[in-house]
Structure formats: C-alpha cells, structure tokens
>>> print(open('run13.tsv').read())   # TSV, C-alpha atoms
chain	number	residue	atom	x	y	z
A	1	MET	CA	0.00	0.00	0.00
A	2	THR	CA	1.39	3.41	-0.95
A	3	LYS	CA	1.91	6.34	1.43
A	4	HIS	CA	-0.98	8.11	-0.30
A	5	GLN	CA	-3.23	5.13	0.43
A	6	ASP	CA	-2.08	5.04	4.06
A	7	ASN	CA	-3.01	8.69	4.49
A	8	LEU	CA	-6.45	8.06	3.02
A	9	LYS	CA	-7.00	5.16	5.39
A	10	GLN	CA	-6.15	7.29	8.41
A	11	ASP	CA	-8.60	10.04	7.39
A	12	ASN	CA	-11.45	7.72	6.40
A	13	PRO	CA	-13.66	5.88	8.94
A	14	VAL	CA	-14.46	3.17	6.35
A	15	PRO	CA	-11.34	1.07	5.65
A	16	VAL	CA	-10.15	1.80	2.13
A	17	ALA	CA	-8.29	-1.39	1.31
A	18	HIS	CA	-8.10	-3.85	-1.51
A	19	GLY	CA	-10.62	-6.67	-1.17
A	20	ALA	CA	-12.16	-4.99	1.88
A	21	PRO	CA	-15.17	-6.68	3.55
A	22	SER	CA	-16.45	-3.30	4.74
A	23	LEU	CA	-17.44	-0.92	1.94
A	24	PRO	CA	-19.31	2.41	2.23
A	25	SER	CA	-22.79	1.02	1.48
A	26	VAL	CA	-22.49	-2.71	2.15
A	27	THR	CA	-20.64	-5.38	4.05
A	28	VAL	CA	-19.24	-8.11	1.84
A	29	ASP	CA	-20.22	-11.23	3.79
A	30	GLY	CA	-18.28	-13.48	1.47
A	31	TYR	CA	-17.25	-14.01	-2.12
A	32	ASN	CA	-15.58	-16.57	-4.35
A	33	LEU	CA	-17.43	-19.36	-2.48
A	34	LYS	CA	-16.12	-22.69	-3.75
A	35	LEU	CA	-18.21	-25.71	-2.79
A	36	ARG	CA	-17.38	-29.20	-4.05
A	37	ASP	CA	-19.17	-32.45	-4.62
A	38	LYS	CA	-17.93	-35.76	-6.08
A	39	ASP	CA	-17.72	-34.17	-9.55
A	40	GLY	CA	-15.71	-31.09	-8.52
A	41	PHE	CA	-16.74	-27.48	-7.92
A	42	ILE	CA	-20.53	-27.25	-7.98
A	43	GLY	CA	-20.41	-23.77	-9.53
A	44	ASP	CA	-19.02	-25.33	-12.71
A	45	LYS	CA	-22.44	-26.97	-13.22
A	46	ALA	CA	-23.96	-23.52	-13.77
A	47	SER	CA	-21.29	-22.03	-16.03
A	48	LYS	CA	-21.41	-20.96	-19.66
A	49	SER	CA	-19.73	-24.19	-20.76
A	50	ALA	CA	-22.22	-26.22	-18.68
A	51	PHE	CA	-25.11	-24.74	-20.69
A	52	GLN	CA	-23.31	-25.46	-23.94
A	53	GLN	CA	-22.77	-29.07	-22.83
A	54	LYS	CA	-26.46	-29.49	-22.01
A	55	LEU	CA	-27.47	-28.08	-25.38
A	56	ASP	CA	-24.95	-30.37	-27.09
A	57	ASP	CA	-26.34	-33.38	-25.20
A	58	TRP	CA	-29.87	-32.57	-26.39
A	59	ARG	CA	-28.64	-32.27	-29.97
A	60	LYS	CA	-26.93	-35.66	-29.79
A	61	ARG	CA	-30.04	-37.31	-28.36
A	62	ILE	CA	-32.38	-35.84	-30.96
A	63	ARG	CA	-30.18	-37.13	-33.77
A	64	ASN	CA	-31.13	-40.64	-32.66
A	65	GLY	CA	-34.60	-40.01	-34.06
A	66	GLY	CA	-33.94	-37.67	-36.97
A	67	ASP	CA	-32.22	-34.50	-38.13
A	68	ASP	CA	-30.81	-31.92	-35.77
A	69	PRO	CA	-33.02	-28.80	-36.12
A	70	LEU	CA	-30.00	-26.63	-35.30
A	71	GLY	CA	-28.15	-27.92	-38.35
A	72	ASN	CA	-24.43	-28.67	-38.49
A	73	THR	CA	-23.06	-25.65	-36.61
A	74	PRO	CA	-21.11	-26.82	-33.53
A	75	THR	CA	-22.78	-25.77	-30.29
A	76	LYS	CA	-19.74	-23.78	-29.15
A	77	ASP	CA	-19.98	-21.68	-32.33
A	78	LEU	CA	-23.62	-20.66	-31.79
A	79	SER	CA	-23.78	-17.05	-30.58
A	80	LYS	CA	-26.26	-15.85	-27.97
A	81	LYS	CA	-28.06	-13.88	-30.68
A	82	GLU	CA	-28.39	-16.97	-32.86
A	83	ILE	CA	-29.76	-19.04	-29.97
A	84	ASP	CA	-32.23	-16.27	-29.08
A	85	ALA	CA	-33.39	-16.12	-32.70
A	86	LEU	CA	-34.03	-19.86	-32.68
A	87	VAL	CA	-35.97	-19.68	-29.40
A	88	GLN	CA	-38.15	-16.90	-30.76
A	89	GLY	CA	-38.36	-18.19	-34.36
A	90	LYS	CA	-40.90	-20.17	-36.33
A	91	ASP	CA	-39.07	-23.51	-36.05
A	92	LYS	CA	-40.77	-24.82	-32.91
A	93	GLU	CA	-38.71	-28.02	-32.83
A	94	ALA	CA	-35.50	-25.97	-32.65
A	95	ALA	CA	-37.04	-23.75	-29.97
A	96	ALA	CA	-38.21	-26.77	-27.96
A	97	LEU	CA	-34.75	-28.34	-28.15
A	98	ILE	CA	-33.10	-25.21	-26.77
A	99	LEU	CA	-35.74	-24.85	-24.07
A	100	GLY	CA	-34.94	-28.40	-22.97
A	101	ALA	CA	-31.32	-27.33	-22.39
A	102	VAL	CA	-32.50	-24.13	-20.67
A	103	ASP	CA	-34.66	-26.17	-18.30
A	104	ASP	CA	-31.81	-28.56	-17.47
A	105	PHE	CA	-29.43	-25.66	-16.89
A	106	ALA	CA	-31.97	-23.84	-14.70
A	107	GLY	CA	-32.25	-26.98	-12.58
A	108	GLU	CA	-28.49	-26.99	-12.02
A	109	LEU	CA	-28.46	-23.26	-11.22
A	110	ALA	CA	-31.27	-23.74	-8.71
A	111	GLN	CA	-29.41	-26.61	-7.02
A	112	VAL	CA	-26.20	-24.59	-6.80
A	113	LEU	CA	-28.04	-21.62	-5.27
A	114	ALA	CA	-29.85	-23.91	-2.83
A	115	ARG	CA	-26.42	-25.14	-1.66
A	116	PHE	CA	-25.15	-21.56	-1.35
A	117	LEU	CA	-28.17	-20.60	0.76
A	118	LYS	CA	-27.26	-23.28	3.31
A	119	GLU	CA	-23.85	-21.72	3.89
A	120	LYS	CA	-23.38	-19.42	6.88
A	121	SER	CA	-22.28	-16.49	4.70
A	122	TRP	CA	-25.42	-16.81	2.56
A	123	LYS	CA	-28.00	-17.39	5.32
A	124	GLY	CA	-31.03	-15.12	5.09
A	125	THR	CA	-30.40	-14.03	1.50
A	126	GLU	CA	-33.56	-12.37	0.17
A	127	ARG	CA	-32.58	-11.66	-3.41
A	128	VAL	CA	-29.93	-12.79	-5.87
A	129	VAL	CA	-29.02	-10.87	-9.01
A	130	VAL	CA	-27.56	-12.79	-11.91
A	131	GLY	CA	-24.87	-11.28	-14.09
A	132	GLY	CA	-22.33	-12.59	-16.55
A	133	GLY	CA	-22.70	-13.25	-20.26
A	134	MET	CA	-25.89	-15.34	-20.23
A	135	ARG	CA	-27.84	-12.55	-18.55
A	136	GLU	CA	-27.81	-10.49	-21.76
A	137	SER	CA	-29.75	-13.14	-23.71
A	138	ALA	CA	-33.44	-14.02	-23.83
A	139	PHE	CA	-32.70	-17.70	-23.19
A	140	GLY	CA	-30.48	-16.71	-20.25
A	141	GLU	CA	-33.28	-14.66	-18.70
A	142	LEU	CA	-35.61	-17.63	-19.16
A	143	ALA	CA	-33.11	-19.82	-17.29
A	144	ILE	CA	-32.95	-17.27	-14.45
A	145	ALA	CA	-36.75	-17.13	-14.18
A	146	ARG	CA	-37.04	-20.92	-14.33
A	147	ALA	CA	-34.43	-21.35	-11.58
A	148	MET	CA	-36.43	-18.98	-9.35
A	149	VAL	CA	-39.61	-20.99	-9.97
A	150	LEU	CA	-37.78	-24.17	-9.01
A	151	LEU	CA	-36.37	-22.64	-5.81
A	152	LYS	CA	-39.77	-21.30	-4.79
A	153	SER	CA	-41.39	-24.65	-5.51
A	154	ASP	CA	-38.98	-26.14	-2.96
A	155	GLY	CA	-40.17	-23.64	-0.36
A	156	LEU	CA	-37.23	-21.22	-0.60
A	157	LYS	CA	-38.34	-17.59	-0.39
A	158	ILE	CA	-35.90	-16.05	-2.79
A	159	GLU	CA	-36.05	-13.61	-5.68
A	160	LEU	CA	-33.81	-14.09	-8.72
A	161	LEU	CA	-33.34	-11.15	-11.07
A	162	PRO	CA	-31.10	-10.33	-14.05
A	163	ILE	CA	-28.57	-7.65	-13.07
A	164	ALA	CA	-29.82	-4.14	-13.97
A	165	HIS	CA	-26.90	-3.02	-16.16
A	166	HIS	CA	-25.47	-4.81	-19.15
A	167	PRO	CA	-22.95	-7.29	-17.62
A	168	ASP	CA	-20.05	-5.71	-19.54
A	169	GLU	CA	-20.87	-2.33	-18.01
A	170	ALA	CA	-21.81	-3.60	-14.55
A	171	GLY	CA	-18.22	-4.76	-14.00
A	172	LEU	CA	-17.09	-1.16	-14.50
A	173	ILE	CA	-19.96	0.78	-12.91
A	174	GLY	CA	-19.64	-1.16	-9.66
A	175	ALA	CA	-16.27	0.54	-9.08
A	176	VAL	CA	-18.07	3.72	-7.94
A	177	GLN	CA	-19.14	1.82	-4.81
A	178	LEU	CA	-15.62	0.79	-3.80
A	179	MET	CA	-14.68	4.05	-2.10
A	180	PRO	CA	-16.41	6.70	0.04
A	181	ALA	CA	-18.22	9.48	-1.78
A	182	TRP	CA	-15.81	12.12	-0.46
A	183	MET	CA	-13.04	10.61	-2.57
A	184	LEU	CA	-15.01	11.57	-5.68
A	185	GLU	CA	-16.00	15.07	-4.54
A	186	GLY	CA	-15.12	17.78	-7.03
A	187	HIS	CA	-14.99	15.24	-9.83
A	188	ASP	CA	-17.64	13.87	-12.16
A	189	SER	CA	-16.05	10.61	-13.27
A	190	LEU	CA	-13.49	7.93	-12.51
A	191	ILE	CA	-11.55	5.24	-14.36
A	192	ALA	CA	-12.41	1.55	-14.00
A	193	VAL	CA	-10.94	-1.72	-15.29
A	194	ASP	CA	-12.57	-5.15	-15.44
A	195	ILE	CA	-10.03	-7.94	-15.96
A	196	GLY	CA	-11.20	-11.36	-17.10
A	197	GLY	CA	-9.75	-14.58	-18.43
A	198	THR	CA	-10.69	-13.69	-22.02
A	199	ASN	CA	-11.20	-9.91	-22.14
A	200	ILE	CA	-10.05	-6.77	-20.39
A	201	ARG	CA	-12.47	-3.85	-20.47
A	202	ALA	CA	-11.59	-0.36	-19.26
A	203	GLY	CA	-13.81	2.68	-19.16
A	204	VAL	CA	-14.62	6.14	-17.92
A	205	ILE	CA	-17.56	6.10	-15.52
A	206	GLU	CA	-19.68	9.22	-15.18
A	207	THR	CA	-20.95	9.28	-11.61
A	208	ARG	CA	-23.81	11.71	-12.37
A	209	SER	CA	-24.05	12.20	-8.63
A	210	LYS	CA	-25.69	15.61	-9.15
A	211	ASP	CA	-28.63	13.80	-10.75
A	212	LYS	CA	-28.77	11.04	-8.14
A	213	ALA	CA	-26.65	11.08	-4.98
A	214	ASP	CA	-27.07	7.31	-4.61
A	215	LEU	CA	-25.12	6.87	-7.89
A	216	SER	CA	-28.04	5.02	-9.51
A	217	LYS	CA	-27.52	7.15	-12.63
A	218	ALA	CA	-23.83	6.24	-12.99
A	219	ARG	CA	-23.02	5.15	-16.53
A	220	VAL	CA	-20.14	4.17	-18.79
A	221	TRP	CA	-19.20	7.26	-20.80
A	222	LYS	CA	-16.57	5.55	-22.95
A	223	SER	CA	-14.90	2.15	-22.82
A	224	GLU	CA	-12.36	0.02	-24.66
A	225	LEU	CA	-12.29	-3.76	-24.94
A	226	TRP	CA	-9.22	-5.89	-25.49
A	227	ARG	CA	-9.76	-9.58	-26.23
A	228	HIS	CA	-6.37	-10.63	-24.91
A	229	ALA	CA	-7.13	-14.33	-25.42
A	230	ASP	CA	-6.53	-13.76	-29.15
A	231	ASP	CA	-3.07	-12.27	-28.52
A	232	GLU	CA	-1.89	-14.51	-25.66
A	233	PRO	CA	0.28	-11.77	-24.10
A	234	ASN	CA	2.61	-12.29	-21.19
A	235	ARG	CA	1.89	-10.57	-17.88
A	236	THR	CA	4.23	-7.63	-18.46
A	237	THR	CA	2.71	-6.90	-21.87
A	238	THR	CA	-0.76	-7.11	-20.33
A	239	VAL	CA	0.06	-4.50	-17.68
A	240	GLU	CA	1.66	-2.24	-20.29
A	241	HIS	CA	-1.48	-2.48	-22.42
A	242	ILE	CA	-3.73	-1.66	-19.45
A	243	VAL	CA	-1.58	1.40	-18.65
A	244	SER	CA	-1.74	2.57	-22.28
A	245	VAL	CA	-5.54	2.24	-22.38
A	246	LEU	CA	-5.98	4.03	-19.05
A	247	GLU	CA	-3.78	6.94	-20.11
A	248	ARG	CA	-5.76	7.22	-23.33
A	249	LEU	CA	-9.10	7.18	-21.50
A	250	VAL	CA	-7.97	9.84	-19.02
A	251	ALA	CA	-6.84	12.07	-21.89
A	252	LYS	CA	-10.16	11.60	-23.74
A	253	ALA	CA	-12.16	12.40	-20.61
A	254	GLN	CA	-10.15	15.54	-19.90
A	255	LYS	CA	-10.41	16.67	-23.53
A	256	ALA	CA	-14.20	16.24	-23.37
A	257	GLY	CA	-14.40	18.46	-20.30
A	258	LEU	CA	-14.90	15.70	-17.76
A	259	MET	CA	-12.99	15.81	-14.49
A	260	PRO	CA	-11.91	12.26	-13.64
A	261	ALA	CA	-11.10	11.66	-9.99
A	262	PRO	CA	-7.53	10.49	-9.27
A	263	VAL	CA	-8.97	7.01	-8.72
A	264	ILE	CA	-8.72	3.72	-10.64
A	265	GLY	CA	-11.09	0.93	-9.62
A	266	ILE	CA	-10.15	-2.61	-10.63
A	267	ALA	CA	-12.31	-5.73	-10.83
A	268	CYS	CA	-10.23	-8.91	-10.95
A	269	PRO	CA	-10.90	-12.63	-10.48
A	270	GLY	CA	-9.65	-14.36	-7.35
A	271	THR	CA	-9.20	-13.68	-3.66
A	272	ILE	CA	-7.91	-10.13	-3.29
A	273	MET	CA	-5.65	-9.43	-0.31
A	274	PRO	CA	-5.48	-6.06	1.55
A	275	ASP	CA	-2.07	-5.28	0.02
A	276	GLY	CA	-3.44	-5.73	-3.52
A	277	SER	CA	-1.96	-9.17	-4.17
A	278	ILE	CA	-4.05	-12.08	-5.46
A	279	ALA	CA	-4.04	-15.07	-3.12
A	280	ASN	CA	-5.76	-17.53	-5.47
A	281	GLY	CA	-8.17	-17.71	-8.39
A	282	GLY	CA	-6.01	-15.80	-10.87
A	283	GLN	CA	-4.92	-18.85	-12.85
A	284	ASN	CA	-6.81	-17.83	-16.02
A	285	LEU	CA	-5.40	-14.31	-16.21
A	286	PRO	CA	-3.18	-13.43	-19.20
A	287	GLY	CA	0.43	-14.46	-18.99
A	288	GLY	CA	-0.01	-16.41	-15.76
A	289	ASN	CA	1.72	-15.99	-12.40
A	290	TRP	CA	-0.58	-13.19	-11.18
A	291	GLU	CA	-0.50	-14.82	-7.74
A	292	SER	CA	3.24	-14.29	-7.41
A	293	LYS	CA	4.42	-12.55	-4.23
A	294	ASN	CA	6.56	-10.38	-6.49
A	295	PHE	CA	3.60	-9.02	-8.47
A	296	ASN	CA	1.14	-6.36	-7.37
A	297	LEU	CA	-1.12	-4.86	-10.03
A	298	PRO	CA	-2.33	-1.81	-8.03
A	299	ALA	CA	1.27	-0.89	-7.18
A	300	ALA	CA	2.30	-1.34	-10.82
A	301	LEU	CA	-0.47	1.00	-12.00
A	302	VAL	CA	0.37	3.67	-9.40
A	303	GLU	CA	4.01	3.53	-10.50
A	304	ALA	CA	3.08	3.83	-14.18
A	305	ILE	CA	0.37	6.49	-13.68
A	306	PRO	CA	1.50	8.43	-10.57
A	307	LYS	CA	-0.96	11.28	-11.13
A	308	ILE	CA	-4.37	11.86	-12.66
A	309	GLY	CA	-4.72	15.58	-13.18
A	310	ASP	CA	-2.91	17.32	-10.34
A	311	HIS	CA	-3.47	14.63	-7.72
A	312	PRO	CA	-1.68	11.39	-6.77
A	313	THR	CA	-3.34	8.30	-8.21
A	314	PHE	CA	-5.25	6.00	-5.87
A	315	VAL	CA	-5.94	2.43	-7.01
A	316	ILE	CA	-8.45	0.13	-5.34
A	317	MET	CA	-9.05	-3.49	-6.38
A	318	HIS	CA	-11.70	-6.06	-5.49
A	319	ASN	CA	-13.01	-9.38	-6.77
A	320	ASP	CA	-14.81	-9.13	-10.13
A	321	ALA	CA	-18.07	-10.73	-8.91
A	322	VAL	CA	-18.10	-8.31	-5.96
A	323	VAL	CA	-17.64	-5.30	-8.26
A	324	GLN	CA	-20.30	-6.49	-10.69
A	325	GLY	CA	-22.65	-6.95	-7.75
A	326	LEU	CA	-21.85	-3.48	-6.41
A	327	SER	CA	-23.36	-1.95	-9.55
A	328	GLN	CA	-26.68	-3.11	-8.12
A	329	VAL	CA	-26.34	-1.34	-4.74
A	330	PRO	CA	-28.72	1.59	-5.50
A	331	PHE	CA	-31.45	-0.84	-6.54
A	332	MET	CA	-31.23	-3.12	-3.50
A	333	ARG	CA	-32.20	-0.76	-0.68
A	334	ASP	CA	-35.53	-2.55	-0.13
A	335	VAL	CA	-33.81	-5.72	1.12
A	336	GLU	CA	-31.16	-6.26	3.78
A	337	ARG	CA	-29.24	-9.32	2.56
A	338	TRP	CA	-28.63	-10.06	-1.08
A	339	GLY	CA	-26.19	-11.76	-3.38
A	340	VAL	CA	-24.85	-11.92	-6.91
A	341	VAL	CA	-23.80	-14.79	-9.16
A	342	THR	CA	-22.03	-14.23	-12.47
A	343	ILE	CA	-22.35	-16.92	-15.12
A	344	GLY	CA	-19.17	-17.11	-17.14
A	345	THR	CA	-16.16	-19.41	-17.32
A	346	GLY	CA	-17.18	-20.45	-13.80
A	347	LEU	CA	-19.83	-19.16	-11.42
A	348	GLY	CA	-18.60	-16.01	-9.68
A	349	ASN	CA	-20.46	-15.15	-6.51
A	350	ALA	CA	-20.68	-12.68	-3.65
A	351	ARG	CA	-23.07	-11.99	-0.74
A	352	PHE	CA	-23.80	-8.55	0.72
A	353	THR	CA	-25.56	-7.02	3.71
A	354	ASN	CA	-26.73	-3.43	3.29
A	355	LYS	CA	-25.58	-0.86	5.80
A	356	GLU	CA	-28.04	1.58	7.33
>>> encode(input="run13.tsv", output="structure tokens")
Amino acid sequence: MTKHQDNLKQDNPVPVAHGAPSLPSVTVDGYNLKLRDKDGFIGDKASKSAFQQKLDDWRKRIRNGGDDPLGNTPTKDLSKKEIDALVQGKDKEAAALILGAVDDFAGELAQVLARFLKEKSWKGTERVVVGGGMRESAFGELAIARAMVLLKSDGLKIELLPIAHHPDEAGLIGAVQLMPAWMLEGHDSLIAVDIGGTNIRAGVIETRSKDKADLSKARVWKSELWRHADDEPNRTTTVEHIVSVLERLVAKAQKAGLMPAPVIGIACPGTIMPDGSIANGGQNLPGGNWESKNFNLPAALVEAIPKIGDHPTFVIMHNDAVVQGLSQVPFMRDVERWGVVTIGTGLGNARFTNKE
C-alpha cells in the first residue's frame, strides 16, 4: 500500500483497502465461495460451458430419431443472438430443443443456489441478481426465471433477477461503490478496469451524482475492450497495455471536459488481499503468475500512472463478482441481505448485507 493510500485510510472511517469486507454502502459477507461435490466445484455446473454441454447433449439425443433442427453448426460456435433467434423463431422443434437445455441448466443453477443458501455467509439471502454473459440473452433470462420458480417450488423464499446493467458495463460501474463518496468530490467521473480470463475492459464512468446522490444514474461514458485471449500476451505486456488504455481514456475524458477523480477501480478474479496481491483464483489471467508474491497490479499502476490531473493516483481493487454486484447497490435498498452470481467461465459469486 502506498503512502498516499495510508493517508487516506487514516482520514477515512471506512477502511479503504483492496478486497475490503467493509465498503461504504455494504458489508461483503463473502465471495468466491467454492463448494465441491464428487464431480468437482458445484459452480461449474452452472457455467457458460455447462449450458453449452447441455445443449450439445440434447442435440446428440435428438439425432437418434432424426435431423438436428439446429443444423451442423457446432454448439460452441452458436452465438447468444443466434440461440435467441431460434428460441423466438418459427421452427418450434428448434425452440423446444433449446428450451430443454434451458430447463436442465436452470435446474443446475437452482441446485447450486440452494447449496449456497445453506452456507453461513449466505444465510437469510432475500434476493440474488444474476450477471455474466448469459444474462444479456433471452434464453439466459428464461433460465434465471425458471431457476427462481424451481427454488420457490422447494419452499425457498428467494427472488432471482437479471442484473440491472449490461454485464459488460456492470463490471465497470460497480467501481463507484468501492470508495467513500468524499473521494469523488469535485470530480464527475473515474476510471475503472474489469479484468477477465478472455477480455479486459476499461472505461470512464460518469458518476452523475448531481442527478442522483445514490449513484443510480452512474453510466459508462466511454470504454475500450481488449480480447487478450486472441493475442496470448505475457503478464508484463498485459500490464503495459492496461496502462496505455488508461492513459488514453484519461486524456479523452479531460479533452471532453470531464474531471476524472484520481482514482482507478479494478475488478479482478480471485481472492484479493489487503495489500493488492491475489491469493488464489487468478490462474486464467493473461500471462499467468498473477498470484506471485513479487507481483502487485495496483502498485504497478500507481508507479506507471503516478498522477491523474494534479493529484496522486489512488488504485483500489476487489473481486470481479463483488464489483459487478456493487453496480446493483442503488437498486437493493428494499432488502437487507442479497447476493450476486455471475455466469461465465465459472460461477462467480458474492453476498452482501446493506448498511443503514
């Protein structure tokens, strides 16, 4: 932690630390919950690849009695838009096939959530928001609704909802909830980065706090996406690319008359330690070895971008499922305990308790 960060901690009653359990609006009761059964991590049964496998299984079974209504395109090559078009199209056999996979997947999602709800950190959860890539599809929203029906039919009083923002933007917008409001005073925006195993997205977030003090109007003003999986960069190249993008975004914001705060919020997979290191869960990040004791991303960014405007740069990092969930904070004031799951390569998760 830098001297600048130490000073901020001393002046701020809410601990401003990487991966902090106590945030301005919520307590993070737990995240990155990893439960196992005989087949491995149960969250893997409700991942993107798990849905693809279920759809593939249905296609193989239906070929026993005739032609595959989805044709010859491999399941992994079907886009979300293509699957949605089939669900909503005139070919009812194709739609019924996909809905069979949706129903199977929803059953797995419901079982995983039922297991989560038995854990101490998830006890009393009233609502769960679902983010990640499947949330932005019609068939994904059907799976979410079906999973809620299944949970309720088992007597569990729980509400399942798609996350309010587009998942790509939620992972950036949630950064506004990582630090106290006073750190953003005098500024109308901040810089955020969402690091994943396939993509890295960075953006300028307009807080729009003058419109809504609860930050419910926060939005992505401009963003850039890098699909690093196509380039297979090493870790050093990855950090250099992030720095280049951030410098470019700051310059664009300033040129447009925005006043970005000297703050960079980072969403990153894994268990985030108070010093900004990653304890575990970073194995899919570009270049590998992000869990090394000799590597600290927040420190590397502060060194590369020591100032934003006239002020020293402050970097704060948290788990990516936590940050995506934090984008929902303004819309969750009617419940006390709530959670988030993000359907992607695995099943990211976090549980929150609202503060008064």
>>> atom_distance(input="run13.tsv", atom1="atom CA of Asp68 of chain A", atom2="atom CA of Ser47 of chain A")
24.0 Å
>>> residues_around(input="run13.tsv", residues="segment 263-273 of chain A", least_positions_apart="5", cutoff="6 Å", atoms="only C-alpha atoms", output="MDAnalysis selection string")
chainID A and resid 19 175 190:195 278:282 313:320 323
>>> residues_around(input="run13.tsv", residues="Asn284 of chain A", least_positions_apart="5", cutoff="10 Å", atoms="all atoms listed in the file", output="VMD selection string")
chain A and resid 196 to 198 269 to 270 289 to 290 345
>>> closest_residue(input="run13.tsv", among="A:Pro74, A:Gly107, A:Pro260, A:Pro330", to="Ala147 of chain A", atoms="only C-alpha atoms")
A:Gly107
>>> atom_distance(input="run13.tsv", atom1="atom CA of Gln52 of chain A", atom2="atom CA of Ala85 of chain A")
16.3 Å
>>> atom_distance(input="run13.tsv", atom1="atom CA of Asp154 of chain A", atom2="atom CA of Trp122 of chain A")
17.4 Å
>>> closest_residue(input="run13.tsv", among="A:Lys90, A:His166, A:His241, A:Lys212", to="His228 of chain A", atoms="only C-alpha atoms")
A:His241
